[in-house]
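So the structure is just underneath, and the comments pick up after that.
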Amino acid sequence: MKQLFLKIGVFVCIVAVGVVILNAPYFLKQFSYIFGTTEAPLPAINQDNPSVELGEPNQIKIPSLNIIAPLQYVTEINEDVFQQALQSGVVHYPGTAEIGQPGNAYFFGHSSDFVFAKGDYKTVFALLPRIKNGAEILVTDKEGKVYHYEVIDQRAVDNDDVEVLDQKEFKQKLLTLQTSYPVGTALRRYIVVGRLKD
């Protein structure tokens, strides 16, 4: 019996080491965050019109988590199309609201992916579950106009929960960010909801 427990223990350790190696970029981001990251820079002020902030077009910034990534727009709901777009940034879910418009602008990105997977954004949302209510999310539209959202809710949901895509709240201007959860799986989704600040 003792030998069986030893074999099980060794097997569990090998699996754990394998998960860490395959998701090394995710764990490196967690380590960097815990031991002192710097905040992402805020957008510059438009010198021609100081009341309008301009940034890099189609970009998301979460200063408190040091996240900066391009936004990718796709026109069809197709897993292959999504996976291709995720290699280049954070993806807008087709049919949801546009940035700064009434409704629920819905974007999703990887929290972890295998080290051998293609793309530079396979851990873009690795730190998303660490965000706090009240944190600021800055998103730019195609002209570079900056929209400031404040985090009002966050939670883990089932991976088949489509209610998070809801567009019923047309009076509100919401932003929802989604990533897979927990690390190395797609068992659940971690959702962060922001409301556009006046």
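Ordering of the structure tokens sets the chain letters (A, B, ...), residue numbers begin anew at 1 in every chain, and ligands are numbered from 1 in the order given.
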### Query
If we count only C-alpha atoms, what is near Asp113 of chain A at a cut-off of 7 Å, once residues fewer than 4 positions away on the same chain are taken out, given as a ChimeraX atom specification?
/A:23,117,122-123,184
Residues just named, written with N, CA, C and O atoms as a compact mmCIF listing (two decimals), in the first residue's frame:
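Output file again_29.txt is given in full below:
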```txt
# COMPACT_ATOMS: atom_id res chain seq x y z
N ASN A 23 3.04 25.66 -19.21
CA ASN A 23 2.43 26.98 -18.99
C ASN A 23 3.42 27.96 -18.35
O ASN A 23 3.02 28.89 -17.64
N ALA A 117 2.85 27.23 -28.52
CA ALA A 117 1.76 27.81 -29.30
C ALA A 117 2.22 29.09 -29.99
O ALA A 117 3.08 29.81 -29.48
N LYS A 122 -0.35 34.94 -25.80
CA LYS A 122 -0.92 33.72 -25.21
C LYS A 122 -1.10 33.79 -23.70
O LYS A 122 -1.73 32.93 -23.11
N THR A 123 -0.57 34.86 -23.07
CA THR A 123 -0.79 35.06 -21.63
C THR A 123 -1.27 36.48 -21.34
O THR A 123 -1.10 36.98 -20.23
N GLY A 184 -4.25 26.73 -17.57
CA GLY A 184 -4.04 25.51 -18.34
C GLY A 184 -5.30 24.77 -18.72
O GLY A 184 -5.24 23.68 -19.27
```
Contacts of Ile77 of chain A at 9 Å or less, counting only C-alpha atoms, minus same-chain residues fewer than 4 places along, as a short mmCIF file (atom, residue, chain, number, x, y, z; two decimals) with C-alpha atoms, in the first residue's frame?
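This went into result18.cif:
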```cif
data_model
loop_
_atom_site.label_atom_id
_atom_site.label_comp_id
_atom_site.auth_asym_id
_atom_site.auth_seq_id
_atom_site.Cartn_x
_atom_site.Cartn_y
_atom_site.Cartn_z
CA VAL A 81 -11.05 32.40 -36.72
CA PHE A 82 -10.98 33.18 -32.98
CA TYR A 93 -16.85 39.02 -29.98
CA PRO A 94 -18.90 39.70 -33.16
#
```
Taking only C-alpha atoms into account, produce a table as a tab-separated table in which each residue of segment 54-127 of chain A with an atom at most 7 Å from an atom of segment 148-167 of chain A appears once, together with its shortest atom pair and the distance in Å to one decimal, ordered by chain and rising number.
```
residue	atom	partner	partner_atom	distance
A:Thr96	CA	A:Gln167	CA	6.9
A:Gly103	CA	A:Gln167	CA	5.3
A:Asn104	CA	A:Gln167	CA	5.5
A:Tyr106	CA	A:Leu165	CA	6.8
```
Writing out the chosen residues with C-alpha atoms as a tab-separated table (two decimals), in the first residue's frame:
```
chain	number	residue	atom	x	y	z
A	96	THR	CA	-21.59	42.76	-29.29
A	103	GLY	CA	-24.59	47.74	-24.74
A	104	ASN	CA	-21.94	45.25	-23.75
A	106	TYR	CA	-17.25	41.88	-25.20
```
#### Entry: Backbone DSSP call of strand (DSSP E or B) for segment 87-122 of chain A, listed as a PyMOL selection string
chain A and resi 90-92+103-108
The selected residues should be written to file as a compact mmCIF listing (two decimals), in the first residue's frame (atoms: N, CA and C atoms).
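The resulting file, selection_4.txt, is reproduced below:
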```txt
# COMPACT_ATOMS: atom_id res chain seq x y z
N VAL A 90 -6.23 40.72 -28.24
CA VAL A 90 -7.50 40.48 -27.55
C VAL A 90 -8.61 40.64 -28.59
N VAL A 91 -9.57 39.73 -28.60
CA VAL A 91 -10.55 39.64 -29.69
C VAL A 91 -11.93 40.13 -29.26
N HIS A 92 -12.53 40.95 -30.14
CA HIS A 92 -13.91 41.43 -29.96
C HIS A 92 -14.86 40.33 -30.43
N GLY A 103 -24.62 49.20 -24.64
CA GLY A 103 -24.59 47.74 -24.74
C GLY A 103 -23.39 47.18 -24.03
N ASN A 104 -23.00 45.99 -24.42
CA ASN A 104 -21.94 45.25 -23.75
C ASN A 104 -20.85 44.91 -24.77
N ALA A 105 -19.77 45.69 -24.80
CA ALA A 105 -18.63 45.40 -25.68
C ALA A 105 -17.87 44.23 -25.06
N TYR A 106 -17.78 43.13 -25.77
CA TYR A 106 -17.25 41.88 -25.20
C TYR A 106 -15.94 41.50 -25.89
N PHE A 107 -14.90 41.33 -25.09
CA PHE A 107 -13.57 40.98 -25.60
C PHE A 107 -13.03 39.79 -24.82
N PHE A 108 -12.24 38.96 -25.49
CA PHE A 108 -11.66 37.81 -24.81
C PHE A 108 -10.21 37.61 -25.23
```
